[in-house]
Structure formats: structure tokens, C-alpha cells
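The structure appears below as C-alpha cells.
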Amino acid sequence: MFPVFQPESPEAQAIYDLFILVLMISAAIFIIVAGLIAVALWRGRSRAILPKQDFGSEKREIYWMVGPILIVIWITAISAKLILTVNAFPKIQPPGDEMAEADLTVTGHQWWWEIEHHESGIVEANEIYIPTGKKLRVKLQSADVIHCFWVPQLARKMDVIPGRENYIWLEAGKPGVYQGRCAEYCGNQHAWMNFKVYALTTDEFAKWESGEKVAPGTPAEPAAVAGEKLFFAHTCSNCHTVAGTVAQATIGPDLTRVASRKQLAGGAIENSTENLVRWLKNPQAIKPGCKMPNFKFSDDEARQVAAYLESLN
Ligand code: CUA
């Protein structure tokens, strides 16, 4: 239910273990303090008798000052150790070797994520396909404001800051779908800046990768053909990329395989024909403030463009 409580990578496990340890220490302190207060209240419940008056004890005061200080120092030390461990991104790299720098580049945009696989050149939006059991180096950058990349079950949080490159490890211990989100308020659609990590087995990943490398064919269905014309006539190509066409812009998400995506608009809507039509007709009604303009498509036009987009798979 709460992904932070179900770690699925060594790093997330280490964070979880520390969290539980600190939680236990805090709980123990709470129980002791609250228990002593309860005992004191119970003992002094009679208003008739004045309880025994205590005017301080130097020894005890030293104990309860030194005790908490030691606990705080200890928690600081184990936290610092963990931060250094989970941050241990190999900055040592062959000079000028861009490819060795990272496996994935993730770019935060208001309000969606762009993912580039360095080795294959595959570009995704809001979905990150990874092979299970492989520790991936992720480079994080921002196209606009500060975002924060967080997959609670797999890794620590890492801020995504304009003009700066941050790095984290991403690894899934077992195949599955892991929810990720933007964890730094970044504007009015911050809540709809979600993504999912799909951890596949090595075979599945190889299959996915080879499938992704094939550019989608030209549409055959009449509605899709009409939609393709509308797509380019309405300058959708000024913002989006569709591999193998003149659309090569990177302001909006890469649409090369938009039909294969499970969700649209940073998780705001499921990827269905009806939702796609709704989105095309008035994106601002679904995600106010997003950069996708309203092209005032008629119902038929929106359906044709949707048919074209659904042919991209
Ligand atoms: Cu991006 Cu919040």
C-alpha cells in the first residue's frame, strides 16, 4: 500500500532499514517519556496530598542531557554513513566518454519526464523500462524548474536542478512496475508529474529494446492517414518527435510510441481512445497550465489525430 514500506532494491532496503531503526528508537523514547508522565499523573492524582517535592538532581540532569545527545550523534553518524553509501555514484569515468557517464538521462519538464537510454538511443516519456537486477547510472537534469526524481521502492530521492547534473543509481531487485513521482513542488500540475518504472527480465528487456528500435510504419487506416495530415498541419511537429518523420522537436514528449504507453499527461489519464480524444480536444481542461495548446479540433478531427497517434506503436 505504501511503497516506501516495500523496498525492492538494495539501496531502498538500506534506506528502509535506517528508517525503521530511527522509528523504533523514537517509539521507545516516546513510550518511556509518555509512560513516565502517565505514572506521574496517576501517582499525583489526589488533590488532597501534596506529592513529594523534588528540587533537582545534578546527576540525573547530566544523564538526561548526555543520553539524548549521544543518541542524536549516533543517529547522525549512521544516517551520514548511509547517505555516503547510496550517493556513491562513480564520478570517476574515462574523460570525454559520454556514454560511460550514465545509462539513462532523465530530464524533468513541467510536468512530465523524458527518458533517454544512452546505449540504444531510445527515448521514452513517463515510462522507464529497465532490466531487472542491473544497477543503472541515471543522470538527472531539468528543462525548466527544480523537480525531484523519486521511485520510493527503488532509490533515494534526488533533486533535478536546472543548470546542474545530478546522479543516482536505479536498480530493481525483482521484475515489476514501480510508481515514481516528482517530489518537489514545481508548479500547478506537480501532482501530475508521475512516471512508472517497468523492470523486465533480461530477455523481456532485450525484446522490448529491439522492438523499440524499429521506427513505426506509416499509417494505413484512412482515419489515421487523415490524422497524420492534421498532426503535421497543426504544427504538432513543432513540439513533438515522431521517429522517422520530420517531427523532431523536444518541447513535448516523444510520441514515437505513444500508443504503447499505459498513461498520458504524466499519469493524469489512462491511455484510451476516449481519453486521447478528450485530451486532444482540450488539454487545458485535463491538465490546466500544461504547455499543450488547445487546437480547437472538432470531434472528427480529434478522433482522426487520435487514430494516427494510436497507430504509433
Ligand atoms: Cu516536477 Cu514537481
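Residue names in the C-alpha cells use chain letters A, B, ... in the order shown, residue numbers from 1 in each chain, and ligand numbers from 1 in the order shown.
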Protein and nucleic acid residues within 9 Å of ligand 1 (only C-alpha atoms and all ligand atoms) as a PDB file with N, CA, C and O atoms, in the first residue's frame:
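Below you can see out21.pdb, which holds the result:
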ATOM      1  N   GLY A 108      13.598  16.364 -16.331  1.00  0.00           N
ATOM      2  CA  GLY A 108      12.318  16.810 -15.771  1.00  0.00           C
ATOM      3  C   GLY A 108      11.810  18.014 -16.540  1.00  0.00           C
ATOM      4  O   GLY A 108      12.558  18.948 -16.820  1.00  0.00           O
ATOM      5  N   HIS A 109      10.549  17.942 -16.943  1.00  0.00           N
ATOM      6  CA  HIS A 109       9.897  19.056 -17.627  1.00  0.00           C
ATOM      7  C   HIS A 109       8.629  19.374 -16.845  1.00  0.00           C
ATOM      8  O   HIS A 109       8.082  18.514 -16.178  1.00  0.00           O
ATOM      9  N   GLN A 110       8.132  20.604 -16.972  1.00  0.00           N
ATOM     10  CA  GLN A 110       6.828  20.902 -16.397  1.00  0.00           C
ATOM     11  C   GLN A 110       5.779  20.333 -17.346  1.00  0.00           C
ATOM     12  O   GLN A 110       5.618  20.874 -18.450  1.00  0.00           O
ATOM     13  N   TRP A 111       5.036  19.266 -17.122  1.00  0.00           N
ATOM     14  CA  TRP A 111       5.096  18.385 -15.981  1.00  0.00           C
ATOM     15  C   TRP A 111       5.105  16.968 -16.489  1.00  0.00           C
ATOM     16  O   TRP A 111       4.090  16.291 -16.521  1.00  0.00           O
ATOM     17  N   TRP A 112       6.267  16.551 -16.961  1.00  0.00           N
ATOM     18  CA  TRP A 112       6.435  15.186 -17.455  1.00  0.00           C
ATOM     19  C   TRP A 112       7.922  14.868 -17.446  1.00  0.00           C
ATOM     20  O   TRP A 112       8.766  15.734 -17.226  1.00  0.00           O
ATOM     21  N   TRP A 113       8.218  13.598 -17.663  1.00  0.00           N
ATOM     22  CA  TRP A 113       9.610  13.152 -17.629  1.00  0.00           C
ATOM     23  C   TRP A 113      10.041  12.626 -18.991  1.00  0.00           C
ATOM     24  O   TRP A 113       9.304  11.885 -19.632  1.00  0.00           O
ATOM     25  N   VAL A 145      12.366  24.078 -14.206  1.00  0.00           N
ATOM     26  CA  VAL A 145      12.460  24.431 -12.781  1.00  0.00           C
ATOM     27  C   VAL A 145      12.987  23.224 -11.988  1.00  0.00           C
ATOM     28  O   VAL A 145      13.321  22.199 -12.567  1.00  0.00           O
ATOM     29  N   ILE A 146      13.026  23.373 -10.668  1.00  0.00           N
ATOM     30  CA  ILE A 146      13.501  22.265  -9.839  1.00  0.00           C
ATOM     31  C   ILE A 146      12.401  21.214  -9.687  1.00  0.00           C
ATOM     32  O   ILE A 146      11.268  21.521  -9.329  1.00  0.00           O
ATOM     33  N   HIS A 147      12.752  19.971 -10.018  1.00  0.00           N
ATOM     34  CA  HIS A 147      11.873  18.835  -9.793  1.00  0.00           C
ATOM     35  C   HIS A 147      12.617  17.885  -8.855  1.00  0.00           C
ATOM     36  O   HIS A 147      13.751  18.169  -8.445  1.00  0.00           O
ATOM     37  N   CYS A 148      11.983  16.773  -8.538  1.00  0.00           N
ATOM     38  CA  CYS A 148      12.682  15.782  -7.721  1.00  0.00           C
ATOM     39  C   CYS A 148      12.267  14.389  -8.165  1.00  0.00           C
ATOM     40  O   CYS A 148      11.084  14.078  -8.255  1.00  0.00           O
ATOM     41  N   PHE A 149      13.259  13.589  -8.483  1.00  0.00           N
ATOM     42  CA  PHE A 149      13.032  12.251  -9.022  1.00  0.00           C
ATOM     43  C   PHE A 149      12.950  11.258  -7.872  1.00  0.00           C
ATOM     44  O   PHE A 149      13.883  11.153  -7.075  1.00  0.00           O
ATOM     45  N   VAL A 160      16.216  17.484  -9.091  1.00  0.00           N
ATOM     46  CA  VAL A 160      16.530  17.685 -10.506  1.00  0.00           C
ATOM     47  C   VAL A 160      16.591  19.195 -10.692  1.00  0.00           C
ATOM     48  O   VAL A 160      15.573  19.864 -10.601  1.00  0.00           O
ATOM     49  N   ARG A 181       7.447   9.439  -8.827  1.00  0.00           N
ATOM     50  CA  ARG A 181       6.782  10.738  -8.909  1.00  0.00           C
ATOM     51  C   ARG A 181       7.757  11.888  -8.711  1.00  0.00           C
ATOM     52  O   ARG A 181       8.875  11.684  -8.257  1.00  0.00           O
ATOM     53  N   CYS A 182       7.271  13.072  -9.054  1.00  0.00           N
ATOM     54  CA  CYS A 182       8.043  14.261  -8.779  1.00  0.00           C
ATOM     55  C   CYS A 182       7.800  14.595  -7.318  1.00  0.00           C
ATOM     56  O   CYS A 182       6.660  14.646  -6.874  1.00  0.00           O
ATOM     57  N   ALA A 183       8.870  14.805  -6.573  1.00  0.00           N
ATOM     58  CA  ALA A 183       8.739  15.010  -5.132  1.00  0.00           C
ATOM     59  C   ALA A 183       9.138  16.412  -4.710  1.00  0.00           C
ATOM     60  O   ALA A 183       9.511  16.647  -3.573  1.00  0.00           O
ATOM     61  N   GLU A 184       9.078  17.342  -5.659  1.00  0.00           N
ATOM     62  CA  GLU A 184       9.397  18.737  -5.312  1.00  0.00           C
ATOM     63  C   GLU A 184       8.359  19.600  -6.018  1.00  0.00           C
ATOM     64  O   GLU A 184       8.190  19.481  -7.238  1.00  0.00           O
ATOM     65  N   TYR A 185       7.693  20.445  -5.264  1.00  0.00           N
ATOM     66  CA  TYR A 185       6.642  21.257  -5.878  1.00  0.00           C
ATOM     67  C   TYR A 185       7.223  22.077  -7.031  1.00  0.00           C
ATOM     68  O   TYR A 185       8.202  22.805  -6.850  1.00  0.00           O
ATOM     69  N   CYS A 186       6.604  21.929  -8.214  1.00  0.00           N
ATOM     70  CA  CYS A 186       7.199  22.538  -9.401  1.00  0.00           C
ATOM     71  C   CYS A 186       6.179  23.260 -10.259  1.00  0.00           C
ATOM     72  O   CYS A 186       6.373  23.462 -11.444  1.00  0.00           O
ATOM     73  N   GLY A 187       5.078  23.650  -9.666  1.00  0.00           N
ATOM     74  CA  GLY A 187       4.065  24.364 -10.441  1.00  0.00           C
ATOM     75  C   GLY A 187       2.721  23.694 -10.259  1.00  0.00           C
ATOM     76  O   GLY A 187       2.609  22.683  -9.554  1.00  0.00           O
ATOM     77  N   ASN A 188       1.691  24.243 -10.926  1.00  0.00           N
ATOM     78  CA  ASN A 188       0.340  23.790 -10.575  1.00  0.00           C
ATOM     79  C   ASN A 188       0.004  22.361 -10.986  1.00  0.00           C
ATOM     80  O   ASN A 188      -0.960  21.811 -10.492  1.00  0.00           O
ATOM     81  N   GLN A 189       0.770  21.748 -11.870  1.00  0.00           N
ATOM     82  CA  GLN A 189       0.481  20.352 -12.202  1.00  0.00           C
ATOM     83  C   GLN A 189       1.532  19.394 -11.624  1.00  0.00           C
ATOM     84  O   GLN A 189       1.740  18.287 -12.135  1.00  0.00           O
ATOM     85  N   HIS A 190       2.186  19.825 -10.583  1.00  0.00           N
ATOM     86  CA  HIS A 190       3.186  18.989  -9.913  1.00  0.00           C
ATOM     87  C   HIS A 190       2.629  17.604  -9.562  1.00  0.00           C
ATOM     88  O   HIS A 190       3.306  16.587  -9.690  1.00  0.00           O
ATOM     89  N   ALA A 191       1.366  17.582  -9.138  1.00  0.00           N
ATOM     90  CA  ALA A 191       0.760  16.304  -8.743  1.00  0.00           C
ATOM     91  C   ALA A 191       0.657  15.338  -9.918  1.00  0.00           C
ATOM     92  O   ALA A 191       0.640  14.122  -9.728  1.00  0.00           O
ATOM     93  N   TRP A 192       0.582  15.881 -11.133  1.00  0.00           N
ATOM     94  CA  TRP A 192       0.504  15.010 -12.314  1.00  0.00           C
ATOM     95  C   TRP A 192       1.837  14.991 -13.057  1.00  0.00           C
ATOM     96  O   TRP A 192       1.927  15.263 -14.241  1.00  0.00           O
ATOM     97  N   MET A 193       2.851  14.711 -12.304  1.00  0.00           N
ATOM     98  CA  MET A 193       4.168  14.545 -12.906  1.00  0.00           C
ATOM     99  C   MET A 193       4.668  13.173 -12.466  1.00  0.00           C
ATOM    100  O   MET A 193       5.720  13.032 -11.869  1.00  0.00           O
ATOM    101  N   ASN A 194       3.851  12.190 -12.743  1.00  0.00           N
ATOM    102  CA  ASN A 194       4.168  10.821 -12.316  1.00  0.00           C
ATOM    103  C   ASN A 194       4.823  10.039 -13.437  1.00  0.00           C
ATOM    104  O   ASN A 194       4.736  10.403 -14.601  1.00  0.00           O
TER     105      ASN A 194
END
request  = Considering only C-alpha atoms, return as a PyMOL selection string whatever protein or nucleic-acid residues lie within 12 Å of Glu270 (chain A), sequence-local ones (same chain, fewer than 4 positions apart) excluded.
outcome  = chain A and resi 258-266+274-279+286
Skipping near chain neighbours, those fewer than 3 positions away, what residues fall within 12 Å of Cys236 (chain A) using only C-alpha atoms, listed as a compact mmCIF listing (two decimals) with N, CA and C atoms, in the first residue's frame?
# COMPACT_ATOMS: atom_id res chain seq x y z
N GLY A 227 -5.52 11.74 -39.86
CA GLY A 227 -4.99 12.25 -38.59
C GLY A 227 -3.54 12.67 -38.72
N GLU A 228 -2.79 11.90 -39.49
CA GLU A 228 -1.38 12.24 -39.71
C GLU A 228 -1.26 13.60 -40.39
N LYS A 229 -2.12 13.83 -41.39
CA LYS A 229 -2.12 15.13 -42.10
C LYS A 229 -2.42 16.25 -41.11
N LEU A 230 -3.46 16.04 -40.28
CA LEU A 230 -3.83 17.06 -39.29
C LEU A 230 -2.69 17.32 -38.32
N PHE A 231 -2.04 16.23 -37.91
CA PHE A 231 -0.94 16.31 -36.94
C PHE A 231 0.14 17.28 -37.44
N PHE A 232 0.48 17.13 -38.72
CA PHE A 232 1.55 17.99 -39.25
C PHE A 232 1.01 19.36 -39.65
N ALA A 233 -0.26 19.42 -40.12
CA ALA A 233 -0.85 20.71 -40.49
C ALA A 233 -1.01 21.60 -39.25
N CYS A 239 6.62 20.72 -31.53
CA CYS A 239 6.92 20.38 -30.13
C CYS A 239 7.28 18.91 -29.93
N HIS A 240 6.77 18.06 -30.81
CA HIS A 240 6.93 16.62 -30.56
C HIS A 240 7.84 15.95 -31.59
N THR A 241 8.33 14.79 -31.18
CA THR A 241 9.11 13.94 -32.08
C THR A 241 8.30 12.70 -32.44
N VAL A 242 8.33 12.33 -33.71
CA VAL A 242 7.87 11.01 -34.13
C VAL A 242 9.00 10.47 -35.00
N THR A 245 9.94 10.68 -39.03
CA THR A 245 9.18 11.75 -39.70
C THR A 245 9.94 13.07 -39.51
N VAL A 246 9.34 14.17 -40.04
CA VAL A 246 10.01 15.45 -39.86
C VAL A 246 9.82 15.98 -38.43
N ALA A 247 8.93 15.35 -37.68
CA ALA A 247 8.70 15.80 -36.30
C ALA A 247 9.89 15.38 -35.44
N GLN A 248 10.68 16.37 -35.04
CA GLN A 248 11.90 16.07 -34.29
C GLN A 248 12.10 17.03 -33.13
N ALA A 249 11.02 17.67 -32.70
CA ALA A 249 11.16 18.66 -31.62
C ALA A 249 11.07 17.99 -30.26
N THR A 250 11.61 18.66 -29.28
CA THR A 250 11.70 18.03 -27.95
C THR A 250 11.08 18.87 -26.84
N ILE A 251 10.14 19.73 -27.22
CA ILE A 251 9.48 20.54 -26.18
C ILE A 251 8.47 19.67 -25.42
N GLY A 252 7.73 18.87 -26.18
CA GLY A 252 6.76 17.95 -25.57
C GLY A 252 7.30 16.54 -25.63
N PRO A 253 6.55 15.59 -25.06
CA PRO A 253 7.01 14.20 -25.06
C PRO A 253 7.18 13.62 -26.47
N ASP A 254 8.16 12.75 -26.60
CA ASP A 254 8.40 11.99 -27.83
C ASP A 254 7.18 11.08 -28.04
N LEU A 255 6.57 11.17 -29.25
CA LEU A 255 5.35 10.41 -29.48
C LEU A 255 5.57 9.17 -30.34
N LEU A 280 -6.93 15.72 -26.76
CA LEU A 280 -6.66 16.49 -27.97
C LEU A 280 -7.63 17.66 -28.11
N LYS A 291 1.76 22.81 -21.29
CA LYS A 291 2.20 23.55 -22.47
C LYS A 291 1.45 23.16 -23.74
N MET A 292 0.68 22.08 -23.68
CA MET A 292 -0.06 21.63 -24.86
C MET A 292 -1.24 22.58 -25.13
N PRO A 293 -1.20 23.26 -26.31
CA PRO A 293 -2.28 24.22 -26.57
C PRO A 293 -3.57 23.52 -27.01
N ASN A 294 -4.64 24.29 -26.97
CA ASN A 294 -5.92 23.79 -27.46
C ASN A 294 -6.02 24.14 -28.94
N PHE A 295 -6.04 23.13 -29.78
CA PHE A 295 -6.09 23.37 -31.23
C PHE A 295 -7.51 23.48 -31.75
N VAL A 305 -6.82 12.42 -35.37
CA VAL A 305 -5.46 12.57 -34.80
C VAL A 305 -5.21 11.44 -33.80
N LEU A 309 -2.20 8.76 -33.72
CA LEU A 309 -1.33 8.53 -32.56
C LEU A 309 -1.41 7.06 -32.11
message = For Gly211 (chain A), find every residue with an atom within 12 Å (counting only C-alpha atoms), except residues of its own chain fewer than 3 positions away, and show them as a ChimeraX atom specification.
response = /A:120,122,204-208,214-216,257,260,313
request  = Could you tell me which of A:Val4, A:Ala199, A:Ile161, A:Leu312 comes closest to Pro219 (chain A) if we count only C-alpha atoms?
outcome  =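 Among the listed residues, A:Leu312 lies closest to Pro219 (chain A).
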Region 17-20 of chain A surroundings by only C-alpha atoms, 10 Å radius, close-in-sequence under 4 positions cut, as a PDB file with N, CA and C atoms, in the first residue's frame:
ATOM      1  N   VAL A   4       6.979   3.024   0.172  1.00  0.00           N
ATOM      2  CA  VAL A   4       8.219   3.172   0.954  1.00  0.00           C
ATOM      3  C   VAL A   4       8.432   1.989   1.898  1.00  0.00           C
ATOM      4  N   PHE A   5       7.342   1.278   2.203  1.00  0.00           N
ATOM      5  CA  PHE A   5       7.464   0.142   3.112  1.00  0.00           C
ATOM      6  C   PHE A   5       7.720  -1.167   2.361  1.00  0.00           C
ATOM      7  N   PRO A   7      10.519  -1.947  -0.013  1.00  0.00           N
ATOM      8  CA  PRO A   7      11.721  -1.690  -0.818  1.00  0.00           C
ATOM      9  C   PRO A   7      12.047  -2.873  -1.722  1.00  0.00           C
ATOM     10  N   GLU A  11      19.484  -0.449  -2.277  1.00  0.00           N
ATOM     11  CA  GLU A  11      19.554   0.916  -1.774  1.00  0.00           C
ATOM     12  C   GLU A  11      18.282   1.292  -1.010  1.00  0.00           C
ATOM     13  N   ALA A  12      17.133   0.978  -1.609  1.00  0.00           N
ATOM     14  CA  ALA A  12      15.863   1.286  -0.943  1.00  0.00           C
ATOM     15  C   ALA A  12      15.749   0.482   0.357  1.00  0.00           C
ATOM     16  N   GLN A  13      16.296  -0.738   0.344  1.00  0.00           N
ATOM     17  CA  GLN A  13      16.266  -1.580   1.538  1.00  0.00           C
ATOM     18  C   GLN A  13      17.081  -0.921   2.660  1.00  0.00           C
ATOM     19  N   MET A  24      11.967   3.030  15.504  1.00  0.00           N
ATOM     20  CA  MET A  24      11.941   2.222  16.727  1.00  0.00           C
ATOM     21  C   MET A  24      12.535   3.004  17.905  1.00  0.00           C
ATOM     22  N   ILE A  25      13.665   3.673  17.650  1.00  0.00           N
ATOM     23  CA  ILE A  25      14.299   4.465  18.714  1.00  0.00           C
ATOM     24  C   ILE A  25      13.330   5.551  19.189  1.00  0.00           C
ATOM     25  N   SER A  26      12.726   6.246  18.205  1.00  0.00           N
ATOM     26  CA  SER A  26      11.787   7.321  18.553  1.00  0.00           C
ATOM     27  C   SER A  26      10.598   6.756  19.318  1.00  0.00           C
ATOM     28  N   ILE A  75      22.546   8.581  15.686  1.00  0.00           N
ATOM     29  CA  ILE A  75      21.640   8.595  14.528  1.00  0.00           C
ATOM     30  C   ILE A  75      22.261   9.419  13.386  1.00  0.00           C
ATOM     31  N   ILE A  78      24.978   7.176  11.695  1.00  0.00           N
ATOM     32  CA  ILE A  78      24.520   6.097  10.801  1.00  0.00           C
ATOM     33  C   ILE A  78      23.814   6.675   9.574  1.00  0.00           C
ATOM     34  N   SER A  79      23.147   7.840   9.734  1.00  0.00           N
ATOM     35  CA  SER A  79      22.494   8.475   8.573  1.00  0.00           C
ATOM     36  C   SER A  79      23.540   8.963   7.578  1.00  0.00           C
ATOM     37  N   LEU A  82      24.949   6.142   5.625  1.00  0.00           N
ATOM     38  CA  LEU A  82      24.031   5.664   4.586  1.00  0.00           C
ATOM     39  C   LEU A  82      23.989   6.645   3.410  1.00  0.00           C
TER      40      LEU A  82
END
request  = Write out as a VMD selection string all residues of region 57-172 of chain A that DSSP puts in alpha helix (DSSP H) for this structure's backbone.
outcome  = chain A and resid 58 to 86 98 to 101
Suppose we keep C-alpha atoms; can you now write the selection as an mmCIF file, in the first residue's frame?
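And here is the file that came out, out.cif:
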data_model
loop_
_atom_site.group_PDB
_atom_site.id
_atom_site.type_symbol
_atom_site.label_atom_id
_atom_site.label_comp_id
_atom_site.auth_asym_id
_atom_site.auth_seq_id
_atom_site.Cartn_x
_atom_site.Cartn_y
_atom_site.Cartn_z
ATOM 1 C CA GLU A 58 22.633 17.281 39.124
ATOM 2 C CA LYS A 59 23.421 13.636 38.431
ATOM 3 C CA ARG A 60 20.075 12.908 36.767
ATOM 4 C CA GLU A 61 20.192 16.140 34.765
ATOM 5 C CA ILE A 62 23.567 15.166 33.366
ATOM 6 C CA TYR A 63 22.178 11.720 32.444
ATOM 7 C CA TRP A 64 19.230 13.039 30.552
ATOM 8 C CA MET A 65 21.276 15.607 28.718
ATOM 9 C CA VAL A 66 24.140 13.331 27.769
ATOM 10 C CA GLY A 67 21.850 10.398 26.867
ATOM 11 C CA PRO A 68 19.849 12.190 24.142
ATOM 12 C CA ILE A 69 22.995 13.898 22.827
ATOM 13 C CA LEU A 70 24.640 10.502 22.360
ATOM 14 C CA ILE A 71 21.520 9.104 20.672
ATOM 15 C CA VAL A 72 21.371 12.076 18.281
ATOM 16 C CA ILE A 73 25.097 11.755 17.492
ATOM 17 C CA TRP A 74 24.653 8.053 16.825
ATOM 18 C CA ILE A 75 21.640 8.595 14.528
ATOM 19 C CA THR A 76 23.548 11.356 12.697
ATOM 20 C CA ALA A 77 26.507 9.033 12.198
ATOM 21 C CA ILE A 78 24.520 6.097 10.801
ATOM 22 C CA SER A 79 22.494 8.475 8.573
ATOM 23 C CA ALA A 80 25.645 10.115 7.228
ATOM 24 C CA LYS A 81 27.132 6.699 6.514
ATOM 25 C CA LEU A 82 24.031 5.664 4.586
ATOM 26 C CA ILE A 83 23.917 8.931 2.629
ATOM 27 C CA LEU A 84 27.503 8.360 1.540
ATOM 28 C CA THR A 85 26.725 4.768 0.540
ATOM 29 C CA VAL A 86 23.616 5.483 -1.520
ATOM 30 C CA GLU A 98 29.881 10.492 -22.710
ATOM 31 C CA MET A 99 28.416 7.005 -22.959
ATOM 32 C CA ALA A 100 30.212 5.765 -19.894
ATOM 33 C CA GLU A 101 28.796 8.664 -17.957
#
